[in-house]
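What follows is a single structure, written as structure tokens, with notes after it.
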Amino acid sequence: MHPPDRPPSVDALARSLAPSGLPHPICVDIARAAIDAGDVESAPARAREFRRSLLTPVVNATGVLLHTNLGRAPLAYHRDAVATTVEFDLATGQRGSRQRAVGQLFARLCETEAALVVNNNAAAVLLVVAALAAGRDVPVSRGESVEIGGSFRVPEVMEQSGARLVDVGTTNRTRIDDYRRAIARPDVDAALVLKVHPSNYRVEGFVEETSVGELATLGVPVVADIGSGLIDATCPWLPGPPPAWLAGEPAAKQALAEGADLVTFSGDKLLGGPQAGIIAGRADLVERCRRHPLARALRPGGLVLAALQDTALTYLDKRAASDIAFWAMVATPLADLRRRAEAIVAEIGDVHPAAVAVTMDALPGAGSAPGITMESFGVEISGDRLAALRSHDPPVIARSRDDRTMLDLRAVAPADDAVVIAALRAAAP
């Protein structure tokens with residue numbers, strides 16, 4: 001392109017990268033790096049690499065519906081650039097509560113007194129314990145003193161909140177009498193009992209746990225961290241009965257009805273909304289959380305509140321099966337997935353003659369219903385084509401095993417089947 005002793009100017013090389021769509025200052029940085037490396041020809045590849053490092057829409061064909069690395073619940077949300085009543089009361093014309101709109105909707109969904117929203121479920125647990133138990137003791141079953149993704153450990157949350165953790169029972173068996181003895185100890189000042197759903201693993205065999213209903217007899221508030229955000233175990237928004245894979249998954253409405261004083265859960269897992277943490281239950285306890293200084297640091301912004309409001313209204317309208325992407329994936333009949341897989345195989349047969357439509361097992365993912373799968377259907381081709389599929393625009397994320405590449409269609413929107421076909425054709429050997 002240029003003689004070795006006459007590299008192009010940084011500005012000229014940066015301007016040549018304009019087709020990448022990157023802002024000019026970024027192109028300048030890339031051009032300077034290529035020139036400094038003595039590899040001017042690498043500038044376009046560096047620009048492509050930089051663009052691929054940005055947040056990028058992808059097609060999730062992994063079979064993990066709530067893929068933590070891919071943003072968990074897919075969420076479609078758009079709002080025009082307009083002012084919104086985030087903290088404005090239309091009735092009085094004065095400053096209003098950031099929590100009122102969404103809080104009242106989630107209280108109605110959970111059939112409880114009040115609700116509060118923070119930026120994720122770890123924050124919800126931290127705020128509850130800090131507001132209700134700082135300087136006091138919190139009994140927790142040893143089997144529930146867990147670490148969840150991102151090094152979120154219950155003992156460390158206790159430490160940061162100012163509460164003292166009291167271990168109860170054993171790793172595999174904790175009975176109500178274990179809690180009673182702990183609370184009765186003269187050195188224990190129990191502010192609440194925390195029940196944590198171990199949402200990213202499952203213990204089987206010689207196990208026993210204490211139910212929320214039993215804990216409610218102890219005479220101290222019960223906080224149930226149900227984790228994955230199932231609102232109602234009966235799934236009234238689905239056309240049929242609850243999916244079998246949800247059996248045993250705790251739900252907010254039922255935990256509160258059983259006697260929990262507060263529940264905490266995520267917004268971007270089984271709820272199918274944006275990343276958030278919801279605290280719901282007794283109004284006096286929710287109010288203590290709202291008034292704690294941490295509440296301001298942990299509060300969500302207007303975009304999250306608006307997306308949560310839309311999510312809650314969708315549930316109340318019983319439109320979740322069609323309008324919330326996660327539940328639309330769950331509700332898709334297996335026959336539809338098989339038909340789509342067979343159509344894709346027919347389209348790529350000339351370049352992937354060994355392609356087949358096969359049954360697969362999809363996962364809820366993101367620590368929801370651990371160890372549970374649901375029937376699915378997808379496409380299997382020969383060879384490990386993961387890198388080639390990721391290089392497509394838009395990228396297609398799949399999985400491989402035994403030198404075979406598998407694309408599960410349960411998390412793939414039907415409109416993206418054409419993208420899958422194009423990516424597979426481009427990834428032909």
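We label chains A, B, ... in the order they appear in the structure tokens, count residues from 1 in each chain, and number ligands from 1 in the order shown.
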All strand (DSSP E or B) positions in region 100-246 of chain A, as an NGL selection string
:A and (114-118 or 137-141 or 147-148 or 152-153 or 164-168 or 173 or 190 or 193-196 or 208 or 222-227 or 230)
Show which residues sit within 12 Å of Leu75 (chain A), as JSON, numbers by chain. Count only C-alpha atoms, and ignore same-chain residues fewer than 6 positions away.
{"A": [57, 66, 267, 268, 269, 271, 272, 273, 274, 275, 304, 307, 308, 310, 311, 323, 324, 325, 326, 327, 328]}
Name the residues in contact with region 99-102 of chain A at a cut-off of 12 Å, using only C-alpha atoms, excluding same-chain residues fewer than 2 positions from it; report them as a VMD selection string.
chain A and resid 84 to 90 95 to 97 104 to 109 114 to 118 276 to 280 286 to 287 289 to 291 295 to 296 299 to 313
For region 254-264 of chain A, list every protein, DNA or RNA residue within 9 Å, evaluated using only C-alpha atoms, and leave out those in the same chain fewer than 6 positions away; present the list as a CSV table (one decimal) with C-alpha atoms, in the first residue's frame.
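Result file part.csv:
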chain,number,residue,atom,x,y,z
A,110,CYS,CA,-47.4,-10.9,43.9
A,111,GLU,CA,-50.7,-10.3,45.7
A,112,THR,CA,-49.0,-8.6,48.6
A,121,ASN,CA,-31.2,-9.4,43.0
A,124,ALA,CA,-32.1,-6.7,46.8
A,125,VAL,CA,-30.7,-9.2,49.3
A,128,VAL,CA,-33.1,-6.1,52.9
A,211,SER,CA,-40.3,-24.8,54.2
A,212,VAL,CA,-41.3,-21.2,54.3
A,213,GLY,CA,-44.5,-22.2,56.1
A,214,GLU,CA,-42.5,-23.8,58.9
A,215,LEU,CA,-40.2,-20.8,59.2
A,216,ALA,CA,-43.2,-18.5,59.5
A,217,THR,CA,-43.9,-20.1,62.9
A,221,PRO,CA,-39.7,-12.1,59.9
A,222,VAL,CA,-39.0,-14.6,57.1
A,223,VAL,CA,-37.2,-13.3,54.0
A,224,ALA,CA,-37.2,-15.8,51.0
A,225,ASP,CA,-34.7,-15.1,48.3
A,226,ILE,CA,-36.4,-17.1,45.5
A,227,GLY,CA,-33.8,-16.0,43.0
A,229,GLY,CA,-38.2,-14.6,39.5
A,231,ILE,CA,-44.1,-14.8,39.8
A,232,ASP,CA,-46.8,-17.5,40.1
A,233,ALA,CA,-46.3,-21.3,40.2
A,277,GLY,CA,-34.0,-6.9,41.8
A,278,ILE,CA,-37.5,-6.9,43.2
A,279,ILE,CA,-38.4,-6.8,46.9
A,280,ALA,CA,-42.0,-7.6,47.7
A,281,GLY,CA,-44.1,-8.2,50.8
A,282,ARG,CA,-45.1,-6.5,54.0
A,285,LEU,CA,-40.6,-3.9,55.9
A,286,VAL,CA,-40.5,-2.6,52.3
Output as a tab-separated table (two decimals) with C-alpha atoms, in the first residue's frame all residues of region 41-252 of chain A that backbone DSSP marks as helix (DSSP H, G or I).
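The file below, part_36.tsv, is the result:
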chain	number	residue	atom	x	y	z
A	41	GLU	CA	-2.34	-3.56	6.26
A	42	SER	CA	-3.86	-4.83	9.53
A	43	ALA	CA	-5.88	-1.65	10.10
A	44	PRO	CA	-9.16	-2.92	8.53
A	45	ALA	CA	-8.93	-6.18	10.51
A	46	ARG	CA	-8.24	-4.20	13.68
A	47	ALA	CA	-11.34	-2.11	12.99
A	48	ARG	CA	-13.45	-5.23	12.52
A	49	GLU	CA	-12.04	-6.70	15.73
A	50	PHE	CA	-12.85	-3.52	17.65
A	51	ARG	CA	-16.42	-3.47	16.36
A	52	ARG	CA	-16.88	-7.08	17.40
A	53	SER	CA	-15.75	-6.14	20.92
A	68	THR	CA	-26.06	-15.23	31.30
A	69	ASN	CA	-23.29	-14.32	28.84
A	70	LEU	CA	-25.88	-13.29	26.24
A	100	ARG	CA	-44.61	4.05	43.13
A	101	ALA	CA	-45.51	3.08	39.56
A	102	VAL	CA	-43.59	-0.18	39.33
A	103	GLY	CA	-43.91	-1.01	43.02
A	104	GLN	CA	-47.69	-1.03	42.95
A	105	LEU	CA	-47.73	-3.24	39.87
A	106	PHE	CA	-45.43	-5.87	41.35
A	107	ALA	CA	-47.31	-5.77	44.62
A	108	ARG	CA	-50.46	-6.57	42.63
A	109	LEU	CA	-48.71	-9.32	40.67
A	110	CYS	CA	-47.41	-10.95	43.86
A	121	ASN	CA	-31.20	-9.42	43.04
A	122	ALA	CA	-27.87	-9.34	44.85
A	123	ALA	CA	-28.63	-5.71	45.64
A	124	ALA	CA	-32.11	-6.68	46.80
A	125	VAL	CA	-30.74	-9.18	49.32
A	126	LEU	CA	-28.06	-6.75	50.47
A	127	LEU	CA	-30.58	-3.94	51.00
A	128	VAL	CA	-33.05	-6.12	52.88
A	129	VAL	CA	-30.44	-7.47	55.28
A	130	ALA	CA	-28.82	-4.06	55.78
A	131	ALA	CA	-32.16	-2.34	56.42
A	132	LEU	CA	-33.66	-4.99	58.68
A	133	ALA	CA	-30.75	-6.73	60.40
A	142	ARG	CA	-25.71	-24.18	55.99
A	143	GLY	CA	-27.13	-25.75	52.84
A	144	GLU	CA	-28.26	-22.29	51.68
A	154	VAL	CA	-24.27	-15.15	51.27
A	155	PRO	CA	-21.67	-14.85	54.09
A	156	GLU	CA	-20.05	-11.88	52.36
A	157	VAL	CA	-23.39	-10.19	51.81
A	158	MET	CA	-24.02	-10.54	55.55
A	159	GLU	CA	-20.66	-9.00	56.30
A	160	GLN	CA	-21.23	-6.05	53.98
A	161	SER	CA	-24.71	-5.45	55.37
A	176	ILE	CA	-37.28	-26.39	61.92
A	177	ASP	CA	-35.89	-27.40	65.32
A	178	ASP	CA	-32.43	-26.32	64.15
A	179	TYR	CA	-33.80	-22.81	63.62
A	180	ARG	CA	-35.64	-22.83	66.95
A	181	ARG	CA	-32.51	-23.76	68.85
A	182	ALA	CA	-30.47	-21.10	67.07
A	183	ILE	CA	-33.00	-18.35	67.78
A	184	ALA	CA	-33.32	-19.42	71.42
A	212	VAL	CA	-41.31	-21.16	54.28
A	213	GLY	CA	-44.50	-22.16	56.09
A	214	GLU	CA	-42.53	-23.80	58.89
A	215	LEU	CA	-40.18	-20.84	59.17
A	244	ALA	CA	-43.23	-29.93	34.13
A	245	TRP	CA	-39.68	-28.56	34.39
A	246	LEU	CA	-40.93	-25.82	36.73
A	252	ALA	CA	-43.17	-15.18	44.65
Could you name the residues that touch Arg410 (chain A) at 6 Å or less, counting only C-alpha atoms, but leaving out those on the same chain fewer than 2 positions away, as a list in words?
Met329, Asp408 and Val412 of chain A
